[in-house]
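Visitor: One structure, pasted below without further comment.
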Amino acid sequence: MEINRIGRDISVLSDCQPVPGIGFIPVNAFVLHSAEPVLIDTGLPGRDFTTALGSVLHPSDIEWIWITHPDRDHTGALRELLDLAPRARLITTFLGMGLMSMEAPLPMDRIYLLNPGQSLDVGDRRLTAFRPPLFDNPSTTGCFDELTGACFTSDCFGAPMPSAELAGCPDVGYLDRAELRERQLLWATVDSPWVHNVDKPRYLDTLTALAGFDPALILGTHLPPAPGRTAEFLDMLAAAPDEKPFVGPDQEALEQLLATFEP
């Protein structure tokens, strides 16, 4: 796991997951070093996430845990961290709370329900929740930090990277712009296949809220940090409905792949 620091305010805990035939999917979590420290997502399951987190700040210092949505690549260390950070409150939505409670009960007195459009004061700044234009879980919320201009966008803007090194790099600018756009559009069709069935004008309206933030920095779960790329990325999202739908490998392709493995 790589640790990248962005100024004084943000630490990026970067992991990745290789997917054959697709690339290396970045899986990031973030620490916002606000007056009341915020952890945004908790990594993949089965990784030593808490050790990596401890190199950034002590888990007991965390005041807020923001789960952008309760897929397992966002909640890997959540239960452990609820024990290690006894003061931390869990930010989610009513639906997100219900989905996470299906695995095991949550401490209801530590839940903080925050809907898109609502804001939260974390001591020295305000965080505003919003619904990203692309998502694969209906409970998804991103957040915008009004102090730094950083926008945490969950799965939106993701891209499989060509190597593990690039998946954990500190700036997406290490990848060629044209290749990045191609990879982001691939991710859009894989992660949000519903985008091909939308009423396009209404879909384009969903870009307005994010554009209105005018973020200086986009921080996605599945993308290296992206400073100064908002206009470019919004243009990519506008093109997503017209991309060719993704069709994954079938059983015949799987058997061909398995035949290449050593016994």
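All residue names refer to the structure tokens as shown: chains lettered A, B, ... in order, residues numbered from 1 in each chain, ligands numbered from 1 in order.
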Give me the residues near segment 87-101 of chain A as a ChimeraX atom specification, where near means some atom within 8 Å (using only C-alpha atoms) and where sequence neighbours in that chain fewer than 4 positions away do not count.

Guide: /A:60-70,82,105-106,110-115,138-141

Visitor: Apply DSSP to the structure's backbone, then extract all residues of segment 4-176 of chain A labelled helix (DSSP H, G or I) and return them as a ChimeraX atom specification.

Guide: /A:49-54,59-61,78-84,94-101,108-110,164-167,172-174

Visitor: Quick one: DSSP strand (DSSP E or B) residues in segment 33-214 of chain A, as a PyMOL selection string?

Guide: chain A and resi 38-40+64-66+89-92+111-113+119-121+126-130+142-145+150-152+161

Visitor: Name all residues at most 7 Å from segment 149-165 of chain A (count only C-alpha atoms; drop same-chain ones fewer than 2 positions away) and give them as a PDB file with N, CA, C and O atoms, in the first residue's frame.

Guide:
ATOM      1  N   CYS A  16      -4.372  -1.431  -4.732  1.00  0.00           N
ATOM      2  CA  CYS A  16      -4.918  -1.728  -6.056  1.00  0.00           C
ATOM      3  C   CYS A  16      -5.307  -3.193  -6.140  1.00  0.00           C
ATOM      4  O   CYS A  16      -4.847  -4.021  -5.348  1.00  0.00           O
ATOM      5  N   ILE A  22      -8.306  -6.380 -17.861  1.00  0.00           N
ATOM      6  CA  ILE A  22      -8.801  -5.020 -17.649  1.00  0.00           C
ATOM      7  C   ILE A  22      -7.674  -4.088 -17.219  1.00  0.00           C
ATOM      8  O   ILE A  22      -7.474  -3.020 -17.781  1.00  0.00           O
ATOM      9  N   GLY A  23      -6.910  -4.496 -16.216  1.00  0.00           N
ATOM     10  CA  GLY A  23      -5.823  -3.671 -15.710  1.00  0.00           C
ATOM     11  C   GLY A  23      -5.763  -3.713 -14.200  1.00  0.00           C
ATOM     12  O   GLY A  23      -6.281  -4.637 -13.563  1.00  0.00           O
ATOM     13  N   PHE A  24      -5.148  -2.705 -13.624  1.00  0.00           N
ATOM     14  CA  PHE A  24      -4.978  -2.617 -12.178  1.00  0.00           C
ATOM     15  C   PHE A  24      -5.906  -1.515 -11.662  1.00  0.00           C
ATOM     16  O   PHE A  24      -5.746  -0.343 -12.003  1.00  0.00           O
ATOM     17  N   ILE A  25      -6.884  -1.923 -10.854  1.00  0.00           N
ATOM     18  CA  ILE A  25      -7.885  -0.985 -10.355  1.00  0.00           C
ATOM     19  C   ILE A  25      -7.364  -0.325  -9.089  1.00  0.00           C
ATOM     20  O   ILE A  25      -7.156  -1.001  -8.075  1.00  0.00           O
ATOM     21  N   PRO A  26      -7.130   0.989  -9.103  1.00  0.00           N
ATOM     22  CA  PRO A  26      -6.767   1.651  -7.856  1.00  0.00           C
ATOM     23  C   PRO A  26      -7.890   1.516  -6.832  1.00  0.00           C
ATOM     24  O   PRO A  26      -9.076   1.537  -7.184  1.00  0.00           O
ATOM     25  N   THR A  68     -18.446   6.096   1.481  1.00  0.00           N
ATOM     26  CA  THR A  68     -19.110   6.651   0.304  1.00  0.00           C
ATOM     27  C   THR A  68     -20.185   5.707  -0.219  1.00  0.00           C
ATOM     28  O   THR A  68     -21.178   6.175  -0.775  1.00  0.00           O
ATOM     29  N   PRO A 132     -22.600  11.597  -6.919  1.00  0.00           N
ATOM     30  CA  PRO A 132     -21.775  11.655  -8.123  1.00  0.00           C
ATOM     31  C   PRO A 132     -22.593  11.279  -9.359  1.00  0.00           C
ATOM     32  O   PRO A 132     -23.540  10.481  -9.278  1.00  0.00           O
ATOM     33  N   PRO A 133     -22.234  11.812 -10.528  1.00  0.00           N
ATOM     34  CA  PRO A 133     -22.994  11.500 -11.745  1.00  0.00           C
ATOM     35  C   PRO A 133     -23.000  10.017 -12.089  1.00  0.00           C
ATOM     36  O   PRO A 133     -23.994   9.499 -12.594  1.00  0.00           O
ATOM     37  N   LEU A 134     -21.894   9.311 -11.856  1.00  0.00           N
ATOM     38  CA  LEU A 134     -21.833   7.867 -12.087  1.00  0.00           C
ATOM     39  C   LEU A 134     -21.634   7.151 -10.755  1.00  0.00           C
ATOM     40  O   LEU A 134     -20.867   7.610  -9.902  1.00  0.00           O
ATOM     41  N   PHE A 135     -22.306   6.026 -10.589  1.00  0.00           N
ATOM     42  CA  PHE A 135     -22.207   5.255  -9.346  1.00  0.00           C
ATOM     43  C   PHE A 135     -22.692   3.846  -9.631  1.00  0.00           C
ATOM     44  O   PHE A 135     -23.439   3.605 -10.577  1.00  0.00           O
ATOM     45  N   GLY A 142     -20.609  11.360  -2.560  1.00  0.00           N
ATOM     46  CA  GLY A 142     -19.286  11.950  -2.510  1.00  0.00           C
ATOM     47  C   GLY A 142     -19.307  13.108  -1.547  1.00  0.00           C
ATOM     48  O   GLY A 142     -20.340  13.437  -0.954  1.00  0.00           O
ATOM     49  N   CYS A 143     -18.142  13.749  -1.362  1.00  0.00           N
ATOM     50  CA  CYS A 143     -18.131  14.938  -0.527  1.00  0.00           C
ATOM     51  C   CYS A 143     -17.152  15.965  -1.063  1.00  0.00           C
ATOM     52  O   CYS A 143     -16.141  15.618  -1.678  1.00  0.00           O
ATOM     53  N   PHE A 144     -17.489  17.229  -0.834  1.00  0.00           N
ATOM     54  CA  PHE A 144     -16.677  18.354  -1.275  1.00  0.00           C
ATOM     55  C   PHE A 144     -16.173  19.110  -0.066  1.00  0.00           C
ATOM     56  O   PHE A 144     -16.952  19.508   0.802  1.00  0.00           O
ATOM     57  N   ASP A 145     -14.855  19.299  -0.002  1.00  0.00           N
ATOM     58  CA  ASP A 145     -14.217  20.033   1.085  1.00  0.00           C
ATOM     59  C   ASP A 145     -14.086  21.493   0.656  1.00  0.00           C
ATOM     60  O   ASP A 145     -13.301  21.824  -0.235  1.00  0.00           O
ATOM     61  N   GLU A 146     -14.853  22.363   1.287  1.00  0.00           N
ATOM     62  CA  GLU A 146     -14.894  23.757   0.869  1.00  0.00           C
ATOM     63  C   GLU A 146     -13.588  24.499   1.169  1.00  0.00           C
ATOM     64  O   GLU A 146     -13.306  25.521   0.549  1.00  0.00           O
ATOM     65  N   LEU A 147     -12.782  23.996   2.105  1.00  0.00           N
ATOM     66  CA  LEU A 147     -11.537  24.682   2.452  1.00  0.00           C
ATOM     67  C   LEU A 147     -10.446  24.437   1.407  1.00  0.00           C
ATOM     68  O   LEU A 147      -9.784  25.372   0.956  1.00  0.00           O
ATOM     69  N   ALA A 167      -1.207   2.692 -10.708  1.00  0.00           N
ATOM     70  CA  ALA A 167      -2.403   2.678  -9.864  1.00  0.00           C
ATOM     71  C   ALA A 167      -2.153   3.373  -8.531  1.00  0.00           C
ATOM     72  O   ALA A 167      -3.064   3.971  -7.956  1.00  0.00           O
ATOM     73  N   GLY A 168      -0.920   3.323  -8.032  1.00  0.00           N
ATOM     74  CA  GLY A 168      -0.600   3.926  -6.748  1.00  0.00           C
ATOM     75  C   GLY A 168       0.173   5.221  -6.860  1.00  0.00           C
ATOM     76  O   GLY A 168       0.702   5.712  -5.854  1.00  0.00           O
ATOM     77  N   CYS A 169       0.220   5.799  -8.047  1.00  0.00           N
ATOM     78  CA  CYS A 169       1.040   7.001  -8.240  1.00  0.00           C
ATOM     79  C   CYS A 169       0.356   8.230  -7.625  1.00  0.00           C
ATOM     80  O   CYS A 169      -0.855   8.231  -7.401  1.00  0.00           O
ATOM     81  N   ARG A 183      -9.539   4.801 -20.779  1.00  0.00           N
ATOM     82  CA  ARG A 183      -9.681   3.912 -19.634  1.00  0.00           C
ATOM     83  C   ARG A 183     -10.825   4.355 -18.715  1.00  0.00           C
ATOM     84  O   ARG A 183     -11.531   3.520 -18.143  1.00  0.00           O
ATOM     85  N   GLN A 184     -11.029   5.653 -18.585  1.00  0.00           N
ATOM     86  CA  GLN A 184     -12.162   6.136 -17.785  1.00  0.00           C
ATOM     87  C   GLN A 184     -13.489   5.774 -18.438  1.00  0.00           C
ATOM     88  O   GLN A 184     -14.449   5.400 -17.746  1.00  0.00           O
ATOM     89  N   TRP A 187     -14.168   2.191 -17.747  1.00  0.00           N
ATOM     90  CA  TRP A 187     -14.664   2.028 -16.377  1.00  0.00           C
ATOM     91  C   TRP A 187     -16.132   2.455 -16.269  1.00  0.00           C
ATOM     92  O   TRP A 187     -16.931   1.800 -15.604  1.00  0.00           O
ATOM     93  N   PRO A 215     -14.136  22.044  -8.391  1.00  0.00           N
ATOM     94  CA  PRO A 215     -13.078  21.518  -7.518  1.00  0.00           C
ATOM     95  C   PRO A 215     -11.682  21.704  -8.106  1.00  0.00           C
ATOM     96  O   PRO A 215     -11.467  21.559  -9.308  1.00  0.00           O
ATOM     97  N   ALA A 216     -10.743  22.002  -7.231  1.00  0.00           N
ATOM     98  CA  ALA A 216      -9.346  22.117  -7.637  1.00  0.00           C
ATOM     99  C   ALA A 216      -8.690  20.747  -7.752  1.00  0.00           C
ATOM    100  O   ALA A 216      -7.676  20.592  -8.442  1.00  0.00           O
ATOM    101  N   LEU A 217      -9.274  19.757  -7.095  1.00  0.00           N
ATOM    102  CA  LEU A 217      -8.669  18.429  -7.010  1.00  0.00           C
ATOM    103  C   LEU A 217      -9.768  17.383  -6.958  1.00  0.00           C
ATOM    104  O   LEU A 217     -10.692  17.493  -6.158  1.00  0.00           O
ATOM    105  N   ILE A 218      -9.676  16.387  -7.824  1.00  0.00           N
ATOM    106  CA  ILE A 218     -10.611  15.265  -7.803  1.00  0.00           C
ATOM    107  C   ILE A 218      -9.906  14.060  -7.205  1.00  0.00           C
ATOM    108  O   ILE A 218      -8.820  13.665  -7.651  1.00  0.00           O
ATOM    109  N   LEU A 219     -10.528  13.483  -6.189  1.00  0.00           N
ATOM    110  CA  LEU A 219      -9.993  12.318  -5.502  1.00  0.00           C
ATOM    111  C   LEU A 219     -11.028  11.201  -5.577  1.00  0.00           C
ATOM    112  O   LEU A 219     -12.037  11.229  -4.877  1.00  0.00           O
ATOM    113  N   GLY A 220     -10.776  10.242  -6.452  1.00  0.00           N
ATOM    114  CA  GLY A 220     -11.677   9.120  -6.643  1.00  0.00           C
ATOM    115  C   GLY A 220     -11.123   7.859  -6.010  1.00  0.00           C
ATOM    116  O   GLY A 220      -9.903   7.682  -5.902  1.00  0.00           O
ATOM    117  N   THR A 221     -12.015   6.980  -5.619  1.00  0.00           N
ATOM    118  CA  THR A 221     -11.577   5.710  -5.047  1.00  0.00           C
ATOM    119  C   THR A 221     -10.752   4.911  -6.037  1.00  0.00           C
ATOM    120  O   THR A 221      -9.807   4.225  -5.657  1.00  0.00           O
ATOM    121  N   HIS A 222     -11.099   4.986  -7.313  1.00  0.00           N
ATOM    122  CA  HIS A 222     -10.467   4.130  -8.316  1.00  0.00           C
ATOM    123  C   HIS A 222      -9.677   4.922  -9.350  1.00  0.00           C
ATOM    124  O   HIS A 222      -9.652   4.580 -10.538  1.00  0.00           O
ATOM    125  N   LEU A 223      -9.001   5.968  -8.885  1.00  0.00           N
ATOM    126  CA  LEU A 223      -8.215   6.833  -9.760  1.00  0.00           C
ATOM    127  C   LEU A 223      -7.130   7.507  -8.940  1.00  0.00           C
ATOM    128  O   LEU A 223      -7.398   7.936  -7.817  1.00  0.00           O
TER     129      LEU A 223
END

Visitor: In Å to one decimal, how far is atom CA of Leu234 of chain A from atom CA of Leu186 of chain A?

Guide: 15.1 Å

Visitor: Find, counting only C-alpha atoms, the residue in A:Val122, A:Leu180, A:Met1, A:Ala77 that gets nearest to Ala226 of chain A.

Guide: A:Leu180

Visitor: Would you compute the distance between atom CA of Gln17 of chain A and atom CA of Gly43 of chain A? Give it in Å to one decimal.

Guide: 10.9 Å
